[in-house]
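Student: Please find one structure pasted underneath; my questions will follow.
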Amino acid sequence: MNGSVRVGRVVGVPLRMHWSVPLLIGLFAYALGRQGLPVWTPGRPGAVYALAGVVGAALLMGSLLLHETAHAAIALRKKISVEDVTLWALGGTTRMGRPKTAAAAFAVAVSGPLTSLVIGGVALGAGLGLHRLSGWAVPAVVLAWLGWANLFLGVFNLLPAVPLDGGRVLQAVLWWRTGDRDRADVVASRGGQIMGLLLVAAGWIAVLRGAPGGLWIVFVGLFIMVVAGAERRRAALHAALRGVTVAEAMSSPVVTGADWLTVQRFIDEVAVPSRHSALPLVDFDGRPSGVVQLRRLASLPVASRESVRVREVAIPLSQCAVAAPDEPLSAALDRISLRSGARILVVDDGRLVGIATGKDISRLVQRGSLSGREPR
């Protein structure tokens, strides 16, 4: 996700934090310390409210991290690749590969909400228990607030709307019942679009009635609509490419460059004549070693271009989408990431035999639609 930085690892995968997280913590701390605690436990010093607000907000972000960690842990247990976990303004997101079975998809999807519900129940129970011992002291209120927040988070995430976890659960159930994964994805993403529209409408009604918090509901609804729409288009693309192999979409031969060249020499001899925005690299043995993007070369200071090798500024092969010629194209598409771009390196017996870009795939789909049939 753009605007996020890596802050560590969780269950063996990179943990990233978006710039909006400190802002979110500040908003929660302010709401709890300046608005909630003074009402529920009056008469305490302002410093106590401020400290309790920060602690409560930090605990809530910690519970959001546990929610996403549950997704990542179950995915890894089900042999699903996990790229990273990112915390941001709307909670968090776990980027992973597509589950191979409906059962695996269901387990991954339901793990997050269940974690939130368990945390919510434990925190609420601890808060109520502390209240019985000492009355509504500040720690009891913070725990109760944390419990209710997690219960709300768990229930809200179970709404049947992609990209919420409930939408993923619906996808898994429909996939299990129909045996058609693409159809299940389309139906669940359509439900997400409808749910997002309803949230936007509800938020605007709240704003018009004088509740500024309705803007947050509008924002959440718009986010759900956008993501659900993107997933619906992706599901339609997977359906259109059913039965199509990577070889049918790839372009060949491929313009490549030697990865041992200096950046300046690579620009002069390979990049400029090729007219491509990204180029695959090969090593001394002629095997693919990565992809270099021209914008990355352009960002390198001119003074460094004679001493830096092009492989030092390239995306290594391990981070690129790689597929065999006879592999289903829809499966290869799942390996594409924002970092490597919309391109698939087609490798056969260790040799680069072709490349499939977004334009190649779009052209294949268009050709199929003109002929009135799915591309084959």
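Letters for chains follow the order of the structure tokens (A, B, ...), residue numbers begin at 1 for each chain, and ligand numbers begin at 1 in the order shown.
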Leaving out range 340-352 of chain A and any residue of its chain fewer than 6 positions from it, which residues lie within 7 Å of it when counting only C-alpha atoms, given as an MDAnalysis selection string?
Tutor: chainID A and resid 287:288 315 319:325 358
Student: Using only N, CA and C atoms, please write the residues we just selected to a file, as a PDB file, in the first residue's frame.
Tutor:
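To be explicit, this is the file written out as out31.pdb:
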```pdb
ATOM      1  N   ARG A 287      20.099 -16.731 -18.211  1.00  0.00           N
ATOM      2  CA  ARG A 287      18.897 -17.015 -17.437  1.00  0.00           C
ATOM      3  C   ARG A 287      18.325 -15.718 -16.874  1.00  0.00           C
ATOM      4  N   PRO A 288      17.001 -15.612 -16.789  1.00  0.00           N
ATOM      5  CA  PRO A 288      16.395 -14.367 -16.285  1.00  0.00           C
ATOM      6  C   PRO A 288      16.785 -14.107 -14.836  1.00  0.00           C
ATOM      7  N   ILE A 315      14.307  -5.123 -10.028  1.00  0.00           N
ATOM      8  CA  ILE A 315      13.471  -5.966  -9.186  1.00  0.00           C
ATOM      9  C   ILE A 315      13.956  -7.403  -9.366  1.00  0.00           C
ATOM     10  N   GLN A 319      10.946 -11.567  -6.782  1.00  0.00           N
ATOM     11  CA  GLN A 319       9.813 -10.689  -6.526  1.00  0.00           C
ATOM     12  C   GLN A 319       8.982 -10.435  -7.780  1.00  0.00           C
ATOM     13  N   CYS A 320       9.298 -11.127  -8.862  1.00  0.00           N
ATOM     14  CA  CYS A 320       8.564 -10.971 -10.124  1.00  0.00           C
ATOM     15  C   CYS A 320       7.551 -12.097 -10.287  1.00  0.00           C
ATOM     16  N   ALA A 321       6.538 -11.838 -11.089  1.00  0.00           N
ATOM     17  CA  ALA A 321       5.563 -12.879 -11.428  1.00  0.00           C
ATOM     18  C   ALA A 321       6.167 -13.750 -12.523  1.00  0.00           C
ATOM     19  N   VAL A 322       6.338 -15.037 -12.229  1.00  0.00           N
ATOM     20  CA  VAL A 322       6.956 -15.975 -13.167  1.00  0.00           C
ATOM     21  C   VAL A 322       5.998 -17.138 -13.398  1.00  0.00           C
ATOM     22  N   ALA A 323       5.898 -17.592 -14.651  1.00  0.00           N
ATOM     23  CA  ALA A 323       4.990 -18.696 -14.968  1.00  0.00           C
ATOM     24  C   ALA A 323       5.562 -19.528 -16.104  1.00  0.00           C
ATOM     25  N   ALA A 324       5.107 -20.766 -16.182  1.00  0.00           N
ATOM     26  CA  ALA A 324       5.475 -21.655 -17.287  1.00  0.00           C
ATOM     27  C   ALA A 324       4.508 -21.426 -18.454  1.00  0.00           C
ATOM     28  N   PRO A 325       4.922 -21.719 -19.687  1.00  0.00           N
ATOM     29  CA  PRO A 325       4.063 -21.462 -20.852  1.00  0.00           C
ATOM     30  C   PRO A 325       2.721 -22.192 -20.807  1.00  0.00           C
ATOM     31  N   GLY A 358      -0.024  -6.435 -19.213  1.00  0.00           N
ATOM     32  CA  GLY A 358      -1.435  -6.077 -19.127  1.00  0.00           C
ATOM     33  C   GLY A 358      -2.039  -5.829 -20.492  1.00  0.00           C
TER      34      GLY A 358
END
```
Student: List as a PyMOL selection string the protein and nucleic acid residues near Ala140 in chain A, meaning an atom at most 8 Å away when only C-alpha atoms are counted, but skip any in the same chain fewer than 3 places from it.
Tutor: chain A and resi 126-128+130-131+135-137+143-144
Student: Can you work out which one of A:Leu174, A:Leu90, A:Leu317, A:Leu64 has the shortest atom-to-atom distance to Gly120 in chain A, counting only C-alpha atoms?
Tutor: A:Leu64
Student: Find the residue from A:Leu300, A:Ala89, A:Pro99, A:Gly56 that sits nearest to Ala75 in chain A; use only C-alpha atoms when measuring.
Tutor: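 Counting only C-alpha atoms, the residue closest to Ala75 in chain A is A:Pro99.
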Student: List every residue of range 124-226 of chain A that DSSP, applied to the backbone, labels as helix (DSSP H, G or I), and write the result as an MDAnalysis selection string.
Tutor: chainID A and resid 124:134 138:157 165:178 181:208 214:226
Student: What's the separation between CA of Leu261 in chain A and CA of Glu306 in chain A, in Å to one decimal place?
Tutor: 9.4 Å
Student: Which residues, written as a list in words, have at least one atom at most 8 Å from His67 in chain A, with only C-alpha atoms counted and residues fewer than 5 positions away on the same chain left out?
Tutor: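 Counting only C-alpha atoms, the residues come to Ser111, Gly112, Pro113, Thr115 and Ser116 of chain A.
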Student: Going by DSSP on the backbone, which bits of range 241-337 of chain A are strand (DSSP E or B)? Write them as a list of chain:residue names, please.
Tutor: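 Output for range 241-337 of chain A, strand (DSSP E or B) only: A:Thr245, A:Ser251, A:Gly257, A:Ala258, A:Thr262, A:Ala278, A:Leu279, A:Pro280, A:Leu281, A:Val282, A:Pro288, A:Ser289, A:Gly290, A:Val291, A:Val292, A:Gln293, A:Arg309, A:Ile315, A:Pro316, A:Ala321, A:Val322, A:Ala323, A:Pro328.
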Student: Between A:Val313, A:Ala109, A:Ile194, A:Ala58, which has the minimum distance to Arg295 in chain A (counting only C-alpha atoms)?
Tutor: A:Val313
